[in-house]
>>> print(open('my_file07.cif').read())   # mmCIF, C-alpha atoms
data_structure
#
loop_
_atom_site.label_atom_id
_atom_site.label_comp_id
_atom_site.auth_asym_id
_atom_site.auth_seq_id
_atom_site.Cartn_x
_atom_site.Cartn_y
_atom_site.Cartn_z
CA MET A 1 3.85 36.37 21.62
CA LYS A 2 1.94 35.41 24.67
CA PRO A 3 4.39 36.63 27.30
CA HIS A 4 4.85 39.84 25.41
CA GLU A 5 1.12 40.46 25.32
CA LEU A 6 0.83 39.73 29.03
CA THR A 7 3.67 42.06 29.90
CA ASP A 8 2.15 44.82 27.84
CA HIS A 9 -1.23 44.34 29.37
CA GLU A 10 0.06 44.19 32.89
CA GLY A 11 2.13 47.20 32.31
CA ARG A 12 -0.80 49.22 31.18
CA ALA A 13 -3.07 47.98 33.93
CA THR A 14 -0.55 48.97 36.54
CA ASN A 15 -0.15 52.36 35.03
CA CYS A 16 -3.86 52.92 34.93
CA THR A 17 -4.32 52.02 38.56
CA MET A 18 -1.48 54.31 39.58
CA GLN A 19 -2.90 57.18 37.54
CA GLY A 20 -6.30 56.65 39.06
CA ASN A 21 -4.89 56.82 42.54
CA ALA A 22 -2.96 59.97 41.75
CA ALA A 23 -6.05 61.62 40.32
CA MET A 24 -8.08 60.76 43.40
CA LYS A 25 -5.37 62.11 45.67
CA GLY A 26 -5.21 65.31 43.62
CA LEU A 27 -8.97 65.71 43.93
CA LYS A 28 -8.82 65.25 47.68
CA ILE A 29 -6.04 67.80 47.99
CA SER A 30 -7.80 70.36 45.85
CA ALA A 31 -10.97 69.84 47.87
CA ALA A 32 -9.06 70.44 51.06
CA VAL A 33 -7.48 73.55 49.61
CA GLY A 34 -10.90 74.76 48.51
CA MET A 35 -12.29 74.25 52.01
CA ALA A 36 -9.36 76.03 53.53
CA SER A 37 -9.71 79.02 51.22
CA LEU A 38 -13.44 79.13 51.97
CA ALA A 39 -12.65 79.20 55.67
CA LEU A 40 -10.07 81.93 55.11
CA ALA A 41 -12.53 84.02 53.11
CA GLY A 42 -14.82 84.00 56.14
CA CYS A 43 -12.12 85.48 58.38
CA VAL A 44 -11.86 89.21 58.99
CA THR A 45 -8.29 90.35 58.54
CA VAL A 46 -7.25 93.55 60.27
CA GLU A 47 -4.14 95.31 59.06
CA ALA A 48 -2.30 97.72 61.34
CA PRO A 49 -1.76 101.18 59.81
CA THR A 50 1.79 101.82 58.77
CA GLU A 51 1.82 105.40 60.04
CA PRO A 52 0.89 106.48 63.54
CA ILE A 53 -2.39 108.32 63.89
CA VAL A 54 -1.72 111.70 65.44
CA ILE A 55 -4.59 114.14 65.09
CA GLU A 56 -7.41 111.55 65.06
CA LEU A 57 -7.82 111.98 68.83
CA ASN A 58 -9.64 115.26 68.51
CA VAL A 59 -11.94 114.27 65.68
CA ASN A 60 -14.78 113.39 68.03
CA ILE A 61 -14.86 116.84 69.58
CA ARG A 62 -17.81 118.71 68.16
CA GLN A 63 -17.81 122.33 67.10
CA GLU A 64 -20.70 123.23 69.38
CA VAL A 65 -18.67 122.11 72.40
CA ILE A 66 -15.77 124.33 71.31
CA TYR A 67 -18.11 127.27 70.85
CA ARG A 68 -19.55 126.75 74.31
CA LEU A 69 -16.08 126.66 75.89
CA ALA A 70 -14.51 129.44 73.81
CA GLU A 71 -15.25 132.32 76.17
CA ASP A 72 -14.11 130.46 79.26
CA ALA A 73 -10.92 129.30 77.53
CA GLY A 74 -10.19 132.86 76.41
CA ASN A 75 -10.50 134.08 80.00
CA THR A 76 -8.33 131.24 81.24
CA ILE A 77 -5.56 132.26 78.84
CA GLU A 78 -5.76 135.88 79.99
CA GLU A 79 -5.72 134.95 83.66
CA ASN A 80 -2.77 132.61 83.22
CA ALA A 81 -0.73 134.79 80.90
CA ASP A 82 2.51 133.48 82.41
CA ILE A 83 2.01 130.03 80.86
CA PHE A 84 0.39 131.09 77.57
CA MET B 1 33.53 135.74 120.56
CA GLY B 2 31.58 132.71 119.46
CA GLU B 3 28.40 134.10 120.97
CA LEU B 4 28.87 137.45 119.24
CA MET B 5 29.33 135.71 115.89
CA THR B 6 26.15 133.74 116.41
CA LYS B 7 24.20 136.89 117.24
CA ARG B 8 25.53 138.61 114.15
CA LEU B 9 24.64 135.60 112.04
CA ILE B 10 21.10 135.53 113.37
CA LYS B 11 20.77 139.25 112.67
CA ALA B 12 22.01 138.77 109.13
CA VAL B 13 19.63 135.88 108.51
CA LEU B 14 16.68 137.78 109.90
CA SER B 15 17.35 140.91 107.86
CA GLY B 16 17.83 138.74 104.80
CA ALA B 17 14.46 137.14 105.40
CA ALA B 18 12.88 140.58 105.83
CA ILE B 19 14.33 141.73 102.51
CA ALA B 20 13.14 138.54 100.81
CA THR B 21 9.63 139.05 102.18
CA ALA B 22 9.58 142.65 101.01
CA LEU B 23 10.83 141.65 97.57
CA GLY B 24 8.27 138.87 97.36
CA GLY B 25 5.56 141.34 98.24
CA ILE B 26 6.65 143.61 95.42
CA ALA B 27 7.12 140.78 92.89
CA ALA B 28 3.81 139.03 93.61
CA PRO B 29 1.49 141.19 91.46
CA ALA B 30 3.70 140.55 88.41
CA TYR B 31 3.16 136.76 88.52
CA ALA B 32 1.13 136.76 85.35
CA GLN B 33 4.11 137.49 83.11
CA ARG B 34 5.99 135.00 81.00
CA ASP B 35 9.28 133.68 82.26
CA PRO B 36 12.07 135.50 80.33
CA ALA B 37 13.41 132.21 78.93
CA TYR B 38 9.92 131.27 77.70
CA ALA B 39 9.33 134.73 76.24
CA ALA B 40 12.66 134.55 74.42
CA ALA B 41 12.00 131.04 73.04
CA ARG B 42 8.59 132.16 71.82
CA ALA B 43 9.95 135.26 70.14
CA ALA B 44 12.75 133.25 68.51
CA GLY B 45 10.23 130.74 67.13
CA GLU B 46 11.86 127.86 69.03
CA VAL B 47 8.53 126.99 70.58
CA GLY B 48 5.05 127.29 69.13
CA GLU B 49 1.38 126.84 69.92
CA LYS B 50 0.03 123.42 68.98
CA MET B 51 -3.55 122.73 67.95
CA ASP B 52 -4.16 120.60 71.00
CA GLY B 53 -3.67 123.49 73.40
CA TYR B 54 -0.12 122.71 74.40
CA LEU B 55 3.27 124.16 73.60
CA GLY B 56 5.55 122.38 71.12
CA ILE B 57 9.21 122.55 70.12
CA VAL B 58 9.49 123.82 66.55
CA GLY B 59 13.10 123.19 65.52
CA THR B 60 15.85 121.12 67.06
CA GLU B 61 15.03 119.84 70.50
CA THR B 62 17.44 120.71 73.29
CA ALA B 63 17.27 119.54 76.89
CA GLU B 64 16.64 123.10 78.01
CA LEU B 65 13.78 123.63 75.55
CA ARG B 66 12.24 120.30 76.49
CA ARG B 67 12.33 121.20 80.17
CA LEU B 68 10.80 124.61 79.49
CA VAL B 69 8.03 123.19 77.30
CA ASN B 70 7.26 120.32 79.69
CA ASP B 71 7.09 122.70 82.62
CA ILE B 72 4.58 124.97 80.88
CA ASN B 73 2.53 122.09 79.49
CA ILE B 74 2.21 120.51 82.92
CA LYS B 75 0.94 123.81 84.29
CA ARG B 76 -1.42 124.24 81.33
CA ARG B 77 -2.76 120.77 81.79
CA ALA B 78 -3.51 121.47 85.43
CA VAL B 79 -5.42 124.64 84.49
CA TYR B 80 -7.29 122.86 81.66
CA SER B 81 -8.22 120.04 83.96
CA GLN B 82 -9.62 122.42 86.56
CA ARG B 83 -11.58 124.50 84.03
CA ALA B 84 -12.81 121.44 82.15
CA GLN B 85 -14.31 120.14 85.36
CA ALA B 86 -15.90 123.52 86.11
CA THR B 87 -17.41 123.78 82.61
CA ASN B 88 -18.51 120.14 82.47
CA ALA B 89 -16.23 119.39 79.53
CA THR B 90 -13.49 116.84 78.96
CA LEU B 91 -9.83 117.74 79.30
CA GLU B 92 -9.31 117.26 75.54
CA GLU B 93 -12.30 119.41 74.63
CA TYR B 94 -11.14 122.24 76.85
CA ALA B 95 -7.51 121.95 75.74
CA LEU B 96 -8.48 122.00 72.05
CA THR B 97 -10.61 125.09 72.62
CA ALA B 98 -7.78 126.79 74.45
CA GLY B 99 -5.52 125.81 71.53
CA CYS B 100 -7.87 127.64 69.13
CA GLN B 101 -7.63 130.74 71.31
CA ALA B 102 -3.90 130.47 71.97
CA ILE B 103 -3.16 130.22 68.23
CA LEU B 104 -5.40 133.22 67.60
CA ALA B 105 -3.50 135.12 70.30
CA THR B 106 -0.08 134.59 68.70
CA VAL B 107 1.61 137.74 67.44
CA PRO B 108 3.41 138.09 64.08
CA GLY B 109 6.70 136.19 64.13
CA GLU B 110 5.55 133.52 66.60
CA LYS B 111 5.02 129.92 65.56
CA TYR B 112 1.79 127.95 65.53
CA GLN B 113 0.65 124.60 64.23
CA ALA B 114 -1.65 124.58 61.20
CA PRO B 115 -4.44 121.99 60.82
CA ASP B 116 -2.18 119.87 58.60
CA GLY B 117 0.30 119.60 61.46
CA SER B 118 2.94 121.87 59.94
CA TRP B 119 4.53 124.75 61.81
CA GLN B 120 3.63 128.17 60.51
CA THR B 121 4.93 131.63 61.32
CA ARG B 122 2.17 133.98 62.33
CA THR B 123 1.80 136.97 60.06
CA SER B 124 -0.62 139.87 60.32
CA ALA B 125 -3.13 137.65 58.50
CA PRO B 126 -5.45 135.43 60.56
CA PRO B 127 -3.80 132.10 61.48
CA MET B 128 -4.81 128.84 59.78
CA ARG B 129 -6.91 127.08 62.38
CA ASP B 130 -9.07 124.00 62.79
CA SER B 131 -12.41 124.43 61.01
CA ARG B 132 -14.18 123.96 64.35
CA CYS B 133 -12.45 126.91 65.98
CA PRO B 134 -14.74 129.82 66.79
#
>>> encode(input="my_file07.cif", output="structure tokens")
Amino acid sequence: MKPHELTDHEGRATNCTMQGNAAMKGLKISAAVGMASLALAGCVTVEAPTEPIVIELNVNIRQEVIYRLAEDAGNTIEENADIF
Amino acid sequence: MGELMTKRLIKAVLSGAAIATALGGIAAPAYAQRDPAYAAARAAGEVGEKMDGYLGIVGTETAELRRLVNDINIKRRAVYSQRAQATNATLEEYALTAGCQAILATVPGEKYQAPDGSWQTRTSAPPMRDSRCP
């Protein structure tokens, strides 16, 4: 009876300790993961566009500039008719 | 004999130069016309006016077309650069403006680039141009 009881008790105690340790470890890991994800959330991620931007170059040119240059450009085309 | 040949040669060279000078003098006022190869490529729709003020190849690119287009675009760029400086504008601004005008100046049958980037054939209707074009 006595040895049996002891064995049972010891067995359980050992198990408990082990489980406790595992739980603590799990907590630590999840905390670390949480910290890491917090740090990641603070980062700015920039994704490169999949398609090349082609016409974007001219977007900054304003209409008023084009209107101002229109007459001169028209004359330039007439005067250089060989390349237009 | 040798001396006579040399004299004849010199004469021939000199008269050739005189003819070349005369021809050049006659041909000079016609400088503002398109090169026949360029005119033909334009009419055939092989090249078209791009929105950015330069010439583009519409269909299949050949070495000859590429050389023709590059040659004209280099000359255009030089003119744009000069005029941009004179009008206190940037090269891109001036080139885009010239592109507006060059597309407007296309005749029916010629190709031009629409604002969506596609090649269009000019009809008698006004061309589709950038909303900023005058």
>>> interface_residues(input="my_file07.cif", of="chain A", to="chain B", cutoff="7 Å", atoms="all atoms listed in the file", output="VMD selection string")
chain A and resid 61 63 66 to 67 69 to 70 73 to 74 80 to 83
>>> atom_distance(input="my_file07.cif", atom1="atom CA of B:Gly56", atom2="atom CA of B:Ala44")
13.3 Å
>>> atom_distance(input="my_file07.cif", atom1="atom CA of B:Glu61", atom2="atom CA of B:Arg77")
21.1 Å
>>> atom_distance(input="my_file07.cif", atom1="atom CA of B:Gln82", atom2="atom CA of A:Thr76")
10.4 Å
>>> residues_around(input="my_file07.cif", residues="B:Pro127", least_positions_apart="6", cutoff="9 Å", atoms="only C-alpha atoms", output="short mmCIF file (atom, residue, chain, number, x, y, z; two decimals) with C-alpha atoms, keeping the file's coordinate frame")
data_model
loop_
_atom_site.label_atom_id
_atom_site.label_comp_id
_atom_site.auth_asym_id
_atom_site.auth_seq_id
_atom_site.Cartn_x
_atom_site.Cartn_y
_atom_site.Cartn_z
CA ILE B 103 -3.16 130.22 68.23
CA LEU B 104 -5.40 133.22 67.60
CA THR B 106 -0.08 134.59 68.70
CA TYR B 112 1.79 127.95 65.53
CA ALA B 114 -1.65 124.58 61.20
CA GLN B 120 3.63 128.17 60.51
CA THR B 121 4.93 131.63 61.32
#
>>> decode(input="my_file07.cif", residues="stretch 50-90 of chain B", atoms="C-alpha atoms", output="short mmCIF file (atom, residue, chain, number, x, y, z; two decimals), in the first residue's frame")
data_model
loop_
_atom_site.label_atom_id
_atom_site.label_comp_id
_atom_site.auth_asym_id
_atom_site.auth_seq_id
_atom_site.Cartn_x
_atom_site.Cartn_y
_atom_site.Cartn_z
CA LYS B 50 3.38 59.76 -79.08
CA MET B 51 1.88 61.89 -76.33
CA ASP B 52 5.30 62.81 -75.00
CA GLY B 53 6.29 64.65 -78.16
CA TYR B 54 8.37 61.91 -79.71
CA LEU B 55 7.90 59.47 -82.53
CA GLY B 56 7.05 55.82 -81.76
CA ILE B 57 7.02 52.54 -83.66
CA VAL B 58 3.45 51.30 -83.99
CA GLY B 59 3.72 47.70 -85.21
CA THR B 60 6.62 45.31 -85.41
CA GLU B 61 9.95 46.91 -84.75
CA THR B 62 12.62 46.55 -87.41
CA ALA B 63 16.20 47.75 -87.23
CA GLU B 64 15.51 50.22 -90.01
CA LEU B 65 12.43 51.67 -88.30
CA ARG B 66 14.28 51.92 -85.01
CA ARG B 67 17.13 53.81 -86.64
CA LEU B 68 14.71 56.16 -88.39
CA VAL B 69 12.72 56.84 -85.22
CA ASN B 70 15.82 57.29 -83.06
CA ASP B 71 17.32 59.69 -85.57
CA ILE B 72 14.22 61.89 -85.61
CA ASN B 73 13.72 61.73 -81.85
CA ILE B 74 17.30 62.81 -81.21
CA LYS B 75 16.77 65.79 -83.50
CA ARG B 76 13.43 66.59 -81.86
CA ARG B 77 14.97 66.41 -78.44
CA ALA B 78 17.66 68.87 -79.45
CA VAL B 79 15.02 71.31 -80.74
CA TYR B 80 12.84 70.85 -77.62
CA SER B 81 15.82 71.41 -75.39
CA GLN B 82 16.72 74.64 -77.15
CA ARG B 83 13.15 75.99 -77.16
CA ALA B 84 12.50 74.89 -73.58
CA GLN B 85 15.47 76.93 -72.47
CA ALA B 86 14.30 79.93 -74.50
CA THR B 87 10.76 79.74 -73.06
CA ASN B 88 11.91 79.04 -69.50
CA ALA B 89 10.24 75.64 -69.45
CA THR B 90 11.51 72.13 -68.76
#
